[in-house]
Amino acid sequence: MAAKRKKRRKASGRIFYPIYLSFVLITIAAILLMMRVLWDNMEDYEASMPKYVAQEVDTIFKYKDFATMYEYDDVSGFEEEGREAYIEYMDILTHGQEITTQEAFSPVSDEKVYKIMVGDTKLGTYTLCKSGEKTPFGNDLWKLKGIQTSVIDRNSYLITAPEGSSVYADGRLLGADEMIESGLELTSEYLPEGIERTKWCTYSVERCFSIPAFKVEDSKGRGQKLMPNENGRLTAQVNFDDDELKEAVEERVIKTARAFSQFTSDDCSTTTVMRYIKEDTNAARYIYGFDGGWFMPHRGFEYENMRTERYVRHDENTFSCNVYFDYIIEYRKTTEVYPTAYTFFFEKQGDEWLLFDFTVAG
């Protein structure tokens with residue numbers, strides 16, 4: 001009997017130890033697997049942290065990759081100026097300085113905000129947000145949401161031009177959206193009754209990086225000269241270079257000026273000067289009312305530096321221009337030079353242009 005019990009114990013021992021060993025091995029394998037899964041999960045979680053995306057984004061600023069900055073910046077305020085202008089501006093702004101970043105407060109829990117610094121000056125911020133994608137272990141992935149620069153200011157540039165002109169900024173024709181004033185009268189210079197004063201309008205153009213290249217053309221497509229004025233805006237002149245008109249009428253203008261000056265020095269008759277003047281006008285009334293005797297008796301006269309300019313066609317039958325010359329009177333013992341400047345107004349009568357009004361030119 002004892003021998004039988006001993007055999008049963010040996011048989012039980014042979015079964016128990018393999019089972020126990022298997023259990024231990026399975027338990028160790030399970031623990032190792034769980035530790036591996038936990039480790040992978042921890043690595044997955046660590047890899048999904050936004051700081052790694054931030055490190056990648058920081059290289060944009062470290063290496064001054066302004067082209068990439070432009071892609072993520074809000075360009076709605078300067079899109080018209082383009083990427084190259086943005087890059088050039090940033091290059092100049094940060095020249096010789098290091099760009100650094102540091103995490104800042106974010107009012108949104110699912111976003112991370114970082115300050116972008118140039119030296120001690122804040123260049124702007126960039127924002128990370130959850131991308132909507134998950135890691136294999138279900139952790140949220142992050143991405144660069146956008147860059148917001150805070151050193152780019154919009155500046156307004158004004159240009160004033162005659163109504164009816166074509167005004168361009170950087171090659172683009174400006175329209176009603178850019179017009180901020182119209183119907184302006186910029187000068188109070190004398191004009192005869194019935195001639196409408198030139199009306200002007202003002203356009204405003206905003207730029208961030210550079211002054212826009214303005215161009216103004218009159219109704220005939222001729223470029224107009226641009227002049228800066230006191231408050232910084234540009235003003236286009238009325239086109240005073242009407243070469244076609246000048247070529248057609250300058251000889252008549254000069255003859256009129258010569259006759260007019262000779263009449264005032266008592267060197268030609270009323271009949272002679274009235275060949276160039278329209279009856280029943282301010283110019284004619286001046287001639288008929290002129291009392292003479294302004295110059296002492298003299299031996300002769302001549303003209304120097306005669307020129308005409310500032311031709312303005314007011315309509316098909318009227319124009320004005322300025323005429324300048326030195327009227328030289330030779331007295332018995334002396335010679336005097338009288339600088340002379342008139343604005344003449346002419347009206348077409350048949351085939352001739354007749355003077356109907358005038359004023360002293362400025």
# chains A, B, ... in the order shown; residues from 1 in each chain; ligands from 1

call {"tool": "residues_around", "arguments": {"residues": "Lys145 (chain A)", "least_positions_apart": "2", "cutoff": "10 Å", "atoms": "only C-alpha atoms", "output": "list in words"}}
result
Tyr72, Asp73, Glu111, Lys112, Val113, Tyr126, Thr127, Leu128, Cys129, Lys130, Ser131, Trp142, Lys143 and Ile147 of chain A

call {"tool": "residues_around", "arguments": {"residues": "Gly300 (chain A)", "least_positions_apart": "2", "cutoff": "7 Å", "atoms": "only C-alpha atoms", "output": "ChimeraX atom specification"}}
result
/A:298,329-330

call {"tool": "write_last_selection", "arguments": {"atoms": "C-alpha atoms", "output": "PDB file, in the first residue's frame"}}
result
ATOM      1  CA  HIS A 298      11.395 155.558 -76.092  1.00  0.00           C
ATOM      2  CA  ILE A 329      12.168 149.149 -73.753  1.00  0.00           C
ATOM      3  CA  GLU A 330      15.071 151.202 -75.056  1.00  0.00           C
TER       4      GLU A 330
END

call {"tool": "closest_residue", "arguments": {"among": "A:Tyr288, A:Arg233, A:Lys122, A:Asp74", "to": "Tyr86 (chain A)", "atoms": "only C-alpha atoms"}}
result
A:Asp74

call {"tool": "residues_around", "arguments": {"residues": "region 196-213 of chain A", "least_positions_apart": "3", "cutoff": "8 Å", "atoms": "only C-alpha atoms", "output": "VMD selection string"}}
result
chain A and resid 77 to 78 81 85 to 86 89 152 to 163 168 to 171 174 178 to 186 191 314

call {"tool": "select_by_dssp", "arguments": {"residues": "region 60-307 of chain A", "states": "alpha helix (DSSP H)", "output": "ChimeraX atom specification"}}
result
/A:60-62,66-72,83-94,243-264,270-273,282-289

call {"tool": "closest_residue", "arguments": {"among": "A:Val118, A:Ile26, A:Ala176, A:Leu144", "to": "Val57 (chain A)", "atoms": "only C-alpha atoms"}}
result
A:Leu144

call {"tool": "atom_distance", "arguments": {"atom1": "CA of Thr256 (chain A)", "atom2": "CA of Arg307 (chain A)"}}
result
12.9 Å

call {"tool": "atom_distance", "arguments": {"atom1": "CA of Tyr311 (chain A)", "atom2": "CA of Asp267 (chain A)"}}
result
28.1 Å

call {"tool": "atom_distance", "arguments": {"atom1": "CA of Ile92 (chain A)", "atom2": "CA of Ile60 (chain A)"}}
result
16.7 Å

call {"tool": "closest_residue", "arguments": {"among": "A:Glu251, A:Glu244, A:Asp326, A:Asp266", "to": "Val312 (chain A)", "atoms": "only C-alpha atoms"}}
result
A:Glu244

call {"tool": "select_by_dssp", "arguments": {"residues": "region 84-299 of chain A", "states": "strand (DSSP E or B)", "output": "ChimeraX atom specification"}}
result
/A:99-104,111-118,121-134,140-149,155-162,166-169,172-173,179-184,200-207,214-217,223,226-228,234-236,277
